[in-house]
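I have placed the structure first, in the form of structure tokens, so that the comments after it can refer back to it.
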Protein chains: 6
Amino acid sequence: MGQKVSIGKIAILLSALTEEELEYFRGSLNDVKYCQGRVGSMNMQKVISAVETAAKRNGLIHESFYREAHALYHAILEAIEGVTRGHPSIGEMSRTVGLRFSVVRGYPYTNVEEGEWIAVAFYGTIGAPVKGLEHETIGLGINHI
Amino acid sequence: MGQKVSIGKIAILLSALTEEELEYFRGSLNDVKYCQGRVGSMNMQKVISAVETAAKRNGLIHESFYREAHALYHAILEAIEGVTRGHPSIGEMSRTVGLRFSVVRGYPYTNVEEGEWIAVAFYGTIGAPVKGLEHETIGLGINHI
Amino acid sequence: MGQKVSIGKIAILLSALTEEELEYFRGSLNDVKYCQGRVGSMNMQKVISAVETAAKRNGLIHESFYREAHALYHAILEAIEGVTRGHPSIGEMSRTVGLRFSVVRGYPYTNVEEGEWIAVAFYGTIGAPVKGLEHETIGLGINHI
Amino acid sequence: MGQKVSIGKIAILLSALTEEELEYFRGSLNDVKYCQGRVGSMNMQKVISAVETAAKRNGLIHESFYREAHALYHAILEAIEGVTRGHPSIGEMSRTVGLRFSVVRGYPYTNVEEGEWIAVAFYGTIGAPVKGLEHETIGLGINHI
Amino acid sequence: MGQKVSIGKIAILLSALTEEELEYFRGSLNDVKYCQGRVGSMNMQKVISAVETAAKRNGLIHESFYREAHALYHAILEAIEGVTRGHPSIGEMSRTVGLRFSVVRGYPYTNVEEGEWIAVAFYGTIGAPVKGLEHETIGLGINHI
Amino acid sequence: MGQKVSIGKIAILLSALTEEELEYFRGSLNDVKYCQGRVGSMNMQKVISAVETAAKRNGLIHESFYREAHALYHAILEAIEGVTRGHPSIGEMSRTVGLRFSVVRGYPYTNVEEGEWIAVAFYGTIGAPVKGLEHETIGLGINHI
């Protein structure tokens, strides 16, 4: 009845760890489909597009099904809430981001009928548009697909 | 001018990894002060209190200075925004949480005059008040102290 | 002491029903002043302008009184909260809308001294900027005028 | 590629129309599964529970699948955003509600592979806890299931 | 066409100044109706009630008209947004407040047909429920009546 | 243990009073560092920049320390929440502002180890982009520095 695969934790590790650090967790990556990417724009629309494009290109969602695009979109929005902590209009607020992201798709629950779920994670920095004037930020969104 | 210690990443690992997985990152824990804890309440006030109490008891903040309590409080609120993704009144919304948290205090920047900063991270599950009807959630808040 | 005219319900029907379906409710339209319109922009400013322009052009508000513009503006904002369900910056979020809207002005309460109130309703679709990748959405705002 | 069944519009009509008015739309109700209910509490938790209980009792969602409960829960939250227009903590804010609600489940898209979606609608009054000091409010949430 | 009476500024001065400091502004108080009060509760509902009760008792709003209660209620909510800066559920967040408030009713515009408007202001401290662990906060809401 | 200097009240007076009215409060200005400015843009980014530039130019914050920029930035965001009362994307919402602002830095607490804090206040008008169609607004943010 519990969870067997922590797709959220995997997504966070994929976005926050270095390649070398990730080696330690390679085993758990076999249970899921995933992709990784980067985005450095202040524009929310570009952040969303970067994740959607990566997810489609890597076959994480079926491009022609709205229900999958809908699940991904809301997972992205939820992850952005974590990144911006209640101030989602990054560009408006004159902040800049340097983010690595990941999308993970898998069966988190032991009951296989619970089906597939999708996790989106961001890790990176957010701050003033000046190098160094920034601190870390993380966000995670999860949805059924 | 950049960051030398990623207190946010350390906070996330402290809250999301098992003891065994954390062994791999032991080295980076020497650069910071930290504490860990758990909270399972649906009540936001209890979530905040649990972190504040742990931080004070472990000497992460000086109990008698409001400025340190103020820094911690806002870092907790930011982390909660990630956990609840825009719906911070967990109890009102009939959700329950099972969270591990960590508080990390350190000097993230190479320029030591940037002083100390504090990171608060949560990792766990959020969902209906029924075992199994829940998914993962993560939150991170960072503030200067 | 109760309500005699449901200006909110009338506004919703005016925006969501076809001309044919509306025939059934023609009777209740005699009790109010109203106008209808369409807006298809991703830009929040254009959504607001479209409603304001229609309301002025059709005499729903007196153009020269700020108090009426103020009442309408807040009713529009409230209706937008329903349409976007907590993410009001549609454009930023890379969503597109195809909305029909209505503005209804009337005396909802049996006590005529409660004066006139205004209702703004939206009905249509919101989604990715691709035809078909969208679902329905509704919003209603009401204010005293 | 478009929508063939407007589950959102059906949900709104089910919650806002009288039995007599609904007769005119009986035909479209054959395409979906639905239930109706009422809730009059100031407590958000009770509002959510009332809808969840009605949906389970009437077989609108499969009680044992978290993915279905998850889809319903987020549709309810979205509908509540419309009802409260950005101030979701009704009780905290000393307002009271008298709401009729409906849950509709069906295949909105011509492409049957888009699968089933769920719509939750509320219609009623919100206001001060005094009879008559209230106005209409509407909310609609839609999710893939 | 401009403003002749700054009801918002008057409301702020009434809530933030000492009796002695207010002497300097006595002249401008003749142009408006106003009342003052205090509230020290962590409970949002009590904050709202305290203002509503004071406004009614002092004849700032007509108790029997919903339109006036509606105008006041939304002005209070707007002022609370300033006090809590985006985290309106004070009690949930384990903060306490010590606030003085004022309600001001008058004709702000030279054009008398713009009618009466209402301003609600809060000034005081917000912080942890420990004496001294708190800082100042201010909020102002304005509405047509 | 209490507060000896009300930096928030001083900031509000600096932004809301005329030069003549301020004379009465000259004495309390000796206890703090402060600057004043104006901003009239609909663009949130310009509002933030105007305050940041004034604060740096007048030595209210040390330009080279991120921790000071970080403290100021969050104080500005909190003040903006008061100005916009929960709708921070002014431009998107087709509103215009005419604001005077002030930044105040000082030691508010009798215990000097509580260190320096910063207050940001706005006072002015917000409304439709038409002269006269606007009302007053106020915002205050406070942070440790």
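Simple scheme: letters A, B, ... for chains in structure tokens order, numbers from 1 for residues in each chain, numbers from 1 for ligands in the order shown.
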(Q) Which of region 38-75 of chain D end up as helix (DSSP H, G or I) when DSSP is run on this backbone - answer as an NGL selection string? (A) :D and (44-57 or 66-75)
Pull out every residue of chain E that has at least one atom within 8 Å of chain F, counting only C-alpha atoms, and report them as a count of residues only. 24
What is the CA of Ala11 (chain C) to CA of Gly27 (chain C) distance in Å?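 Those two atoms sit 13.9 Å apart.
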